[in-house]
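A.B. asks: Handing you this structure, nothing more for now.
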Protein chains: 4
Amino acid sequence: MTGTTVGFVGLGAMGRGMAGSLLRAGHAVRVWNRSSGPVAAMADEGAEAADSLAEVFAADTVVSMLANDEAVERLLLDPALLAGAKATLHVNMATVSLGLAERAEALHAEYGIGYVAAPVLGRPPVAAEGRLNILAAGPADLLVRAEPLFTAMGERTWHFGESPRQANTAKISANFLLACAIESMAEACSLADANGVRPSDLIEMLTGTLFPGPVYSGYGAMVAERRYEPAGFRLPLGLKDVGLALEAGAARHVPLPFGSVLRDAFLDALAHGDEDKDWAAVAAVARRRAGLPE
Amino acid sequence: MTGTTVGFVGLGAMGRGMAGSLLRAGHAVRVWNRSSGPVAAMADEGAEAADSLAEVFAADTVVSMLANDEAVERLLLDPALLAGAKATLHVNMATVSLGLAERAEALHAEYGIGYVAAPVLGRPPVAAEGRLNILAAGPADLLVRAEPLFTAMGERTWHFGESPRQANTAKISANFLLACAIESMAEACSLADANGVRPSDLIEMLTGTLFPGPVYSGYGAMVAERRYEPAGFRLPLGLKDVGLALEAGAARHVPLPFGSVLRDAFLDALAHGDEDKDWAAVAAVARRRAGLPE
Amino acid sequence: MTGTTVGFVGLGAMGRGMAGSLLRAGHAVRVWNRSSGPVAAMADEGAEAADSLAEVFAADTVVSMLANDEAVERLLLDPALLAGAKATLHVNMATVSLGLAERAEALHAEYGIGYVAAPVLGRPPVAAEGRLNILAAGPADLLVRAEPLFTAMGERTWHFGESPRQANTAKISANFLLACAIESMAEACSLADANGVRPSDLIEMLTGTLFPGPVYSGYGAMVAERRYEPAGFRLPLGLKDVGLALEAGAARHVPLPFGSVLRDAFLDALAHGDEDKDWAAVAAVARRRAGLPE
Amino acid sequence: MTGTTVGFVGLGAMGRGMAGSLLRAGHAVRVWNRSSGPVAAMADEGAEAADSLAEVFAADTVVSMLANDEAVERLLLDPALLAGAKATLHVNMATVSLGLAERAEALHAEYGIGYVAAPVLGRPPVAAEGRLNILAAGPADLLVRAEPLFTAMGERTWHFGESPRQANTAKISANFLLACAIESMAEACSLADANGVRPSDLIEMLTGTLFPGPVYSGYGAMVAERRYEPAGFRLPLGLKDVGLALEAGAARHVPLPFGSVLRDAFLDALAHGDEDKDWAAVAAVARRRAGLPE
C-alpha cells in the first residue's frame, strides 16, 4: 500500500512535530533522518522507519523538511534518487533560496515528479500542535493533492501561485519583515533608553496600541530586557535568511536598503561573538553603536 | 469660575475632536484657534470662545494641541503670555522635538506654571471618539490633576516618567516604528512583486499571521495597492517625524541606520513630487529603485 | 584713508594666517577678534587694532573668517552693525550653511552692502603661507574687487557663480568628499586587516597608484596607523560639515546615502568618547563594528 | 627548452597586452585561449600557439589572466590538468574571490605546484605598455622567480605577504575604493547641481586641489558630464567587484556600510537598464533619486 503512505524526510525540531501531526491525523508515514535517534522516536509514535531515502521516495507522496539549501541539494536533488523514485509528488517545506527552488523544480520535472514548495511560519511548538501557517505554491492539482497533508500540519494554507518559487519568495519576505521589526525595535529602544525612557515601557505601550501580536511583544520583550538567550532562532540563521532576501532582490535588481542595514548589523553581532544568541541580539549592536551598556 | 474651566489651544483636525471630548465629558472649555471658524463651530457645541491666548491662560488648566515646534514656540513659549497667566498647569499634547520639550519645561518653571507633555496616538476620527492613546510624562501630582482630562479624551494613558521630554521621546519612537513598518513592507512588496508574488497576497498572509493589527493591514493595503491618496498622514509630516527621531538620536549620539534609510527614501519621494501623498508613498520609491512600474 | 584699509574679523587659527598674508602683501588691515590676545599679536605684525566691529565695518572692504553659522549670525548679521557700516563689500570666508548664506546675502542687500562668499580649502599652515584655495561666488564686479585680497591669501581662486551660496555649496561638497574618502579608507583598511593584509601596505600601494595626493596619503596613514591625535580637524567639526551637506541636500530633496552612513559613523564615534580626536577616528568605528582591536 | 618557456592562459583585452609585454621582454611564451583568434594574433607576434591547456602547463611557469572565478574554476582548477602538469609555478593574475584564492592555493599544493596571486591595477592600454601595477602575494621564493615576469608586464610590484589571498584582498580593496570614489562624486555632483553649482566646476576644483590623479579626474569628468559610454569598466563588473568586497567582509564579519550603499546603487542602475554602461553610471542613480534630469 505504498501509494497511501507519506514519505517524510528530515526529523529536526520542526520535522518531528510535522511528521507527528501527520501521524495523529491518521496518515501512514515512512520517515528518514540523517541521524537515527529521531527515526526511532518517531517509530515509537507509529511511523515506519526507512533505511534509505530511496525507501522514502518509494512512497507516492514525499514531504521534506530539511535545514537549508545545502542539505536539500545534497540529499534530495540527486538524479539517482529521483530517477528511481516511485513518488509522484514531492512537497518541499524547507526555507530555501529562489535559485534552489528553480533547480529543484526543473530537476523534478525532468524525472516526472510533481514538485510543490510549502515553507511554513511557526516555531517547533507550533509545528508539534499542527498549527503552522503553510505558504504553498505549485501546480493547482498538486496543491489539491497536498491539502490533506497541509490540513494535518497547519491551521491555514496560503496560496501564492502555480510556480513553487512563489511560496519561497513569500517565506523569504516574511522573514525579512521579522528581521526589520526586530531592528526597528532595537533602534527605537536605544533611542528611548538614551533619552531616559525605559525600553520596557516603550514596548509595553507599542504592543498595547499600534503593534499587537506575538512578534512585537515577543521580540520587543527580548530587546527591551536584553535577553537574547536561549535562542529561539539563532543569529547566523537570521543572517542566512536576510541573505536569501538580498539574493532574491539582487537577482531581479531590487535594492533593499533595510536589508543592507540588517546584513551589516548581523555581521557586527557575529563579530562580537553572538553566534549562539537569538537574532534579537542585533539589539546589542544598536546599543553598542550608541555607547549604551550592553 | 475660571478655576474649573479648561483652556484649549489649537482646533485643528485633532484638537477639535479632543476639545469636543472634553465638552462631552462635562468640562467647561474655553477655546482659542488662529482662525476663527473652528472657534465658532466649537462654541456651537457649548465651548466658550476666547478672543486671545491670554484669556485661555486665565483658566486654571490649559491644554494645547498645535501642529509643530514652530507653532508652539511662537504662540505659547511667549514670556509675556506666561508671565500674565493664571494657569497653573499646561498640558502640551503636540508632537514636538525634545529640544522644544526642554525649552518649554524650563520656561514654564520660570513662570511657576506646571508643565506636562502628553502627545497622543490616533487619527482625527479616534480623537473625535475620545479613544486616543495618551503618552504622558511630567511631575506625578500634575499627571494626577490631568488624568480626568485624559480620561475624557483617551481610552488609555501611558506613563513615561517625571520629565515631560520622556513622553515626547515615546511618541517620536512610536512614529519612528510606524515609518519603519511602512518601509519594511515597501521593500518586501517590491521584492515579492519582482519575483512574481502579488503584493496583496503577501500582505494578506502577513497580516493574517505574524503581523496582526491596523498598522500592517492598513498601510500594507496602501503599499500593496499603490494607493497613496487621500493622505491620512502627509509625506512631509512623516519626514518631519523621522527628522525628530534622528535629531533626538543625534543629541545623545544614537545612530539610527534605519532612520537614515527612511530619511533618504522620504527625500526621494519628495524629489518626485509626492508631497501631498500619504507617507505610504515611500513604497513608490522602493518600486522606482527596482525599476518596477510605479 | 579708510577706503583702502581692509577690515578683518576673526583671528582664529585660520584668520591669523589670512590677515597676516594680507599684511605681507602690503594691505592696511584693521582687525577685530572676540578675545584680545590675537588682536595684540596681529598689531605687532603691523595691523591696526579695532575696538569694535563697527570700526571694522567703517573700512571699505571687510573680510570675515568666523567659526560657524552661530558666530556669523550673532556677530555679523546684526542690523545695527550693517545699518551703520561704511563698508561696501563684505567677503565672508567661513564655512557656513546654505541657509545662512541666503540670509546673509539678503540682509546685506537690504543695507546696500556687497556680499561675496569665499570659503577656503587649506589648514592653518597653508593659510599662514598665503597658499589657500579660495572658492568664490558673488556678483562679478565684487569678485573683481576682492581678487587682490584673494591673491594675497591664496594660490588660486575658483569661481562658482554670481550667487554667494554657490561657493558655500562647493565648499560643503568638498568637505563631504573628504569625509567619504576617510570612511572609504576606514572600511577598506578594516576589510584588509581582517583578511591578513597590513593596512599600511594597502595604503602605501593605493597612494602610490590610484590615489595620489595629500588627502589619501595623509588620512590614509592616520587610518592605517590608528593615529587620531593630535586632531587636525576635530570629529565634531566633521559631523557638523557632514550635517551641512545633509541639510543642503534635504533642502533640495537630494538623498545622500553615503552622507547618511557618515552621520551614523560620526555619532558612533562621539558615543565612544572621541570628540577630541581627528575625524579620521571614524576608522575606529569601522574597526569596532568588525570586532577588530581598536 | 620547456623550462624557459612561459605558458600563458587567457588572451582577453588584458591578457593580450600582458603576453605581448612578456614577448617584448624576450621571454618565450606559449599561449592558449578559449577562442583561437587571439592565439593566432599572438603567434604573429612571436608566441607559440598551444592546442590545449595541458601544453601550456607543460611549461615550467604558467601565467593566467582569466575573467573571473567561474573561468578559473572551470579551466584551471582541474585535477586532471594539474596532476599532469610539468609546471612548478602558476601565477594567477585574475581578480578573484578570496574563497577561490584559497581553493586554488590548496589544490596547487596538493599537486606540488607553486601558486602565486598577482592581480593587477591598470586598463588594457596600460597592460599593452607593460606598465601595470602588480599586487603580488605568495611564498617568497616563488615571488623571486616571478619577478622577471612582473618586471616585463608592470612598472612596479607591490608585495602583500606569503599567502596568495592577501594579494586578492588588496585588489578587492582597491576596487572597493574606486567604487566609493565614484559614488562619492556622484552624490556630491547631485548635491552641487541641485544647489546651482555646475558639476564640472566642482570636479575641476576638486581635482585641482584635494583630489589629484586620474581616478578623480577621469571618473569625475564622466560623472559631471553624465557620460557613461563607452564603458571602460562595465557596471555589472563593478557590481561583481563590490560583491567580492562584501563577501570578503562577510567571511570575517566586517560590515561595510559604504559597500552596502554601493550594492544597492548598482542594483538600481541595473534595474534601469544600464548594464552596458560604465560603472560611473551609478551617478545616474544619484541624480534619479534627487529628481534631477538624467
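In the C-alpha cells, the first chain shown is A, the next is B, and so on; residue numbers restart at 1 for each chain, and ligands run from 1 in the order shown.
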Within 6 Å of chain C, which residues of chain B come that close, and what is the closest atom pair and distance in Å for each? Count only C-alpha atoms and give it as JSON lines.

C.D. replies:
{"residue": "B:His253", "atom": "CA", "partner": "C:Leu267", "partner_atom": "CA", "distance": 4.9}
{"residue": "B:Pro255", "atom": "CA", "partner": "C:Asp264", "partner_atom": "CA", "distance": 4.7}
{"residue": "B:Ser260", "atom": "CA", "partner": "C:Ser260", "partner_atom": "CA", "distance": 5.5}
{"residue": "B:Asp264", "atom": "CA", "partner": "C:Pro255", "partner_atom": "CA", "distance": 4.7}
{"residue": "B:Leu267", "atom": "CA", "partner": "C:His253", "partner_atom": "CA", "distance": 4.9}
{"residue": "B:Ala271", "atom": "CA", "partner": "C:His253", "partner_atom": "CA", "distance": 5.1}

A.B. asks: Determine, counting only C-alpha atoms, which protein, DNA and RNA residues have an atom within 7 Å of an atom of range 156-165 of chain C; residues of the same chain fewer than 2 positions away are not included. Present the result as an MDAnalysis selection string.

C.D. replies: (chainID C and resid 98 101:102 116:117 133:140 150 154 167:169) or (chainID D and resid 197 201 205)

A.B. asks: Write the residues of the selection above to a file with C-alpha atoms, as a compact mmCIF listing (two decimals), in the first residue's frame.

C.D. replies:
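Contents of the output file part_3.txt:
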# COMPACT_ATOMS: atom_id res chain seq x y z
CA LEU C 98 23.32 77.48 2.65
CA ALA C 101 24.40 82.15 3.10
CA GLU C 102 20.98 83.17 1.87
CA VAL C 116 30.65 87.68 -1.50
CA ALA C 117 31.18 84.14 -0.19
CA ASN C 133 42.48 77.61 -2.43
CA ILE C 134 39.65 80.08 -2.42
CA LEU C 135 36.16 79.05 -3.55
CA ALA C 136 34.40 82.25 -4.51
CA ALA C 137 30.94 83.26 -5.63
CA GLY C 138 29.13 86.56 -5.86
CA PRO C 139 28.43 89.36 -8.29
CA ALA C 140 31.21 89.58 -10.90
CA PHE C 150 42.35 86.58 -2.70
CA GLY C 154 45.52 82.14 -1.73
CA ALA C 167 30.64 78.92 -3.18
CA ASN C 168 29.29 77.57 0.08
CA THR C 169 27.81 74.64 -1.82
CA VAL D 197 26.73 74.66 -8.90
CA ASP D 201 33.13 73.34 -11.93
CA MET D 205 38.21 72.46 -8.44

A.B. asks: Quick check, in Å to one decimal: how far apart do CA of Arg103 in chain C and CA of Leu66 in chain C lie?

C.D. replies: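 CA of Leu66 in chain C lies at a distance of 16.1 Å from CA of Arg103 in chain C.
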
A.B. asks: Please run DSSP on the backbone and report, as a list in words, all residues within range 119-154 of chain A that come out as alpha helix (DSSP H).

C.D. replies: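 DSSP on the backbone gives alpha helix (DSSP H) at Pro124, Pro125, Val126, Ala127, Ala128, Ala140, Asp141, Leu142, Leu143, Val144, Arg145, Ala146, Glu147, Pro148, Leu149, Phe150, Thr151, Ala152 and Met153 of chain A.
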
A.B. asks: Using C-alpha atoms, can you write the selected residues to a file as a tab-separated table (two decimals), in the first residue's frame?

C.D. replies:
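After the write, out-v2.tsv holds the following:
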chain	number	residue	atom	x	y	z
A	124	PRO	CA	8.69	23.89	16.81
A	125	PRO	CA	5.95	24.00	19.47
A	126	VAL	CA	3.52	25.28	16.84
A	127	ALA	CA	4.64	22.52	14.47
A	128	ALA	CA	4.02	19.95	17.23
A	140	ALA	CA	-3.09	23.59	-8.76
A	141	ASP	CA	-3.76	19.87	-9.00
A	142	LEU	CA	-0.73	19.09	-6.87
A	143	LEU	CA	-1.79	21.60	-4.25
A	144	VAL	CA	-5.16	19.83	-4.11
A	145	ARG	CA	-3.37	16.54	-3.52
A	146	ALA	CA	-1.22	18.08	-0.81
A	147	GLU	CA	-4.03	19.84	1.01
A	148	PRO	CA	-4.96	16.91	3.33
A	149	LEU	CA	-1.36	16.88	4.49
A	150	PHE	CA	-1.36	20.65	4.98
A	151	THR	CA	-4.59	20.33	6.96
A	152	ALA	CA	-2.89	17.86	9.26
A	153	MET	CA	0.17	20.02	9.80

A.B. asks: Could you tell me how far CA of Gly232 in chain C sits from CA of Gly17 in chain C, in Å to one decimal place?

C.D. replies: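 Rounded to one decimal, the two atoms are 15.8 Å apart.
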
A.B. asks: Can you measure CA of Pro38 in chain A to CA of Arg16 in chain A for me? One decimal in Å is fine.

C.D. replies: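 Separation of CA of Pro38 in chain A and CA of Arg16 in chain A: 7.5 Å.
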
A.B. asks: Extract, using only C-alpha atoms, all DNA, RNA and protein residues at most 9 Å from Leu100 in chain D, discarding same-chain residues fewer than 5 positions from it, and format them as a tab-separated table (two decimals) with C-alpha atoms, in the first residue's frame.

C.D. replies:
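Saved result, part.tsv, follows:
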chain	number	residue	atom	x	y	z
D	69	ASP	CA	36.10	32.91	-10.58
D	72	VAL	CA	39.45	29.99	-13.30
D	73	GLU	CA	37.46	27.27	-11.55
D	105	GLU	CA	46.18	27.51	-3.24
D	165	ARG	CA	44.83	35.52	-0.84

A.B. asks: Extract the full set of strand (DSSP E) residues from range 93-205 of chain B according to DSSP on the backbone, and format it as a list in words.

C.D. replies: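 Filtering range 93-205 of chain B down to strand (DSSP E) leaves Gly114, Tyr115, Val116, Ala117, Val120, Leu121, Leu132, Asn133, Ile134, Leu135, Ala136, Gly154, Glu155, Arg156, Thr157, Trp158 and His159 of chain B.
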
A.B. asks: Keeping N, CA and C atoms for every residue in the selection just given, could you write it to a file as a compact mmCIF listing (two decimals), in the first residue's frame?

C.D. replies:
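Resulting contents of out.txt:
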# COMPACT_ATOMS: atom_id res chain seq x y z
N GLY B 114 2.94 74.69 36.03
CA GLY B 114 3.21 73.27 35.84
C GLY B 114 3.16 72.90 34.38
N TYR B 115 4.02 71.97 33.98
CA TYR B 115 4.07 71.61 32.56
C TYR B 115 4.12 70.09 32.41
N VAL B 116 3.23 69.59 31.57
CA VAL B 116 3.12 68.17 31.32
C VAL B 116 3.11 67.96 29.81
N ALA B 117 3.81 66.92 29.34
CA ALA B 117 3.73 66.57 27.92
C ALA B 117 2.85 65.35 27.78
N VAL B 120 -0.19 62.15 21.65
CA VAL B 120 -1.21 61.09 21.52
C VAL B 120 -0.95 60.20 20.31
N LEU B 121 -1.51 59.03 20.37
CA LEU B 121 -1.57 58.14 19.21
C LEU B 121 -3.03 58.06 18.76
N LEU B 132 -8.30 58.14 22.14
CA LEU B 132 -6.86 58.24 21.88
C LEU B 132 -6.06 57.44 22.89
N ASN B 133 -4.83 57.11 22.51
CA ASN B 133 -3.86 56.65 23.49
C ASN B 133 -3.00 57.85 23.84
N ILE B 134 -2.87 58.11 25.11
CA ILE B 134 -2.19 59.31 25.57
C ILE B 134 -0.87 58.91 26.24
N LEU B 135 0.22 59.48 25.70
CA LEU B 135 1.55 59.17 26.23
C LEU B 135 1.96 60.34 27.11
N ALA B 136 2.00 60.13 28.41
CA ALA B 136 2.13 61.25 29.34
C ALA B 136 3.40 61.18 30.17
N GLY B 154 -9.12 60.15 26.00
CA GLY B 154 -8.45 58.93 25.56
C GLY B 154 -9.00 57.68 26.19
N GLU B 155 -8.60 56.55 25.60
CA GLU B 155 -9.05 55.31 26.21
C GLU B 155 -8.01 54.77 27.18
N ARG B 156 -6.79 55.27 27.04
CA ARG B 156 -5.77 54.82 27.99
C ARG B 156 -4.63 55.83 28.07
N THR B 157 -4.10 56.00 29.25
CA THR B 157 -2.93 56.85 29.45
C THR B 157 -1.73 55.99 29.77
N TRP B 158 -0.63 56.25 29.07
CA TRP B 158 0.61 55.52 29.30
C TRP B 158 1.60 56.49 29.93
N HIS B 159 2.22 56.08 31.03
CA HIS B 159 3.13 56.98 31.75
C HIS B 159 4.58 56.67 31.45

A.B. asks: May I ask which of the residues C:Leu262, C:Ala290, C:Ala80, C:Leu107 is the closest one to Leu235 in chain C, counting only C-alpha atoms?

C.D. replies: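 Selected residue with least distance to Leu235 in chain C: C:Leu262.
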
A.B. asks: Please provide the set of residues having any atom within 8 Å of range 187-193 of chain B, restricted to only C-alpha atoms, with same-chain residues fewer than 5 positions apart removed, written as a compact mmCIF listing (two decimals) with N, CA and C atoms, in the first residue's frame.

C.D. replies:
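Contents of out.txt, freshly written:
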# COMPACT_ATOMS: atom_id res chain seq x y z
N THR A 169 9.46 32.79 -2.17
CA THR A 169 9.54 34.25 -2.13
C THR A 169 8.73 34.80 -0.95
N ALA A 170 7.53 34.28 -0.77
CA ALA A 170 6.68 34.76 0.32
C ALA A 170 7.33 34.50 1.68
N SER A 173 10.22 36.82 2.21
CA SER A 173 9.70 38.16 2.51
C SER A 173 9.20 38.24 3.94
N ALA A 174 8.57 37.19 4.41
CA ALA A 174 8.05 37.20 5.78
C ALA A 174 9.21 37.27 6.78
N PHE A 176 12.14 38.45 6.20
CA PHE A 176 12.71 39.79 6.06
C PHE A 176 11.95 40.78 6.94
N LEU A 177 10.64 40.70 6.93
CA LEU A 177 9.84 41.62 7.75
C LEU A 177 10.05 41.38 9.24
N ALA A 245 16.98 37.04 1.20
CA ALA A 245 16.20 38.18 0.70
C ALA A 245 17.08 39.06 -0.21
N ALA A 248 17.60 37.23 -3.44
CA ALA A 248 16.38 37.24 -4.26
C ALA A 248 16.15 38.63 -4.85
N GLY A 249 16.53 39.65 -4.09
CA GLY A 249 16.44 41.01 -4.62
C GLY A 249 17.44 41.23 -5.73
N VAL A 254 16.43 44.37 -7.30
CA VAL A 254 15.62 45.07 -6.30
C VAL A 254 16.51 45.48 -5.14
N LEU A 256 17.39 46.67 -1.54
CA LEU A 256 16.68 46.55 -0.26
C LEU A 256 17.52 47.25 0.81
N PHE A 258 16.93 48.53 3.71
CA PHE A 258 16.77 47.99 5.07
C PHE A 258 17.52 46.65 5.18
N ARG B 198 2.10 38.35 -5.86
CA ARG B 198 1.26 39.55 -5.77
C ARG B 198 1.42 40.18 -4.39
N PRO B 199 1.77 41.46 -4.34
CA PRO B 199 1.93 42.11 -3.03
C PRO B 199 0.70 41.97 -2.14
N LEU B 202 0.84 38.74 -0.41
CA LEU B 202 1.85 38.76 0.66
C LEU B 202 1.30 39.45 1.91
N VAL B 223 0.27 50.06 0.52
CA VAL B 223 1.51 49.73 -0.17
C VAL B 223 1.23 48.72 -1.29
N ALA B 224 0.48 47.68 -0.95
CA ALA B 224 0.24 46.60 -1.92
C ALA B 224 -0.57 47.12 -3.11
N ALA B 283 6.61 53.75 -0.64
CA ALA B 283 6.59 52.49 -1.41
C ALA B 283 6.87 52.76 -2.89
N ALA B 286 10.60 52.63 -3.34
CA ALA B 286 11.13 51.26 -3.39
C ALA B 286 10.88 50.65 -4.76
N ARG B 287 9.70 50.89 -5.32
CA ARG B 287 9.40 50.34 -6.65
C ARG B 287 10.26 51.01 -7.72
N ALA B 290 13.70 49.72 -7.98
CA ALA B 290 13.77 48.37 -8.57
C ALA B 290 13.32 48.36 -10.01
N LEU B 292 10.41 48.89 -11.08
CA LEU B 292 9.04 48.36 -11.22
C LEU B 292 8.11 49.50 -11.59

A.B. asks: List the neighbours of Thr88 in chain C out to 10 Å using only C-alpha atoms; skip same-chain residues closer than 4 positions along the sequence, and give me the result as a CSV table (one decimal) with C-alpha atoms, in the first residue's frame.

C.D. replies:
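The new file selection00.csv reads:
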chain,number,residue,atom,x,y,z
C,3,GLY,CA,38.7,103.3,1.8
C,57,PHE,CA,32.8,97.9,9.2
C,58,ALA,CA,34.0,101.5,8.7
C,59,ALA,CA,36.5,100.1,6.3
C,60,ASP,CA,35.5,99.9,2.7
C,61,THR,CA,36.0,96.2,2.5
C,62,VAL,CA,35.6,93.7,5.3
C,108,HIS,CA,23.5,92.8,3.1
C,111,TYR,CA,21.6,97.6,3.7
C,112,GLY,CA,23.3,98.1,0.3
C,113,ILE,CA,26.4,96.2,1.2
C,114,GLY,CA,28.0,94.0,-1.4
C,115,TYR,CA,28.3,90.4,-0.3
C,142,LEU,CA,32.6,92.4,-6.5
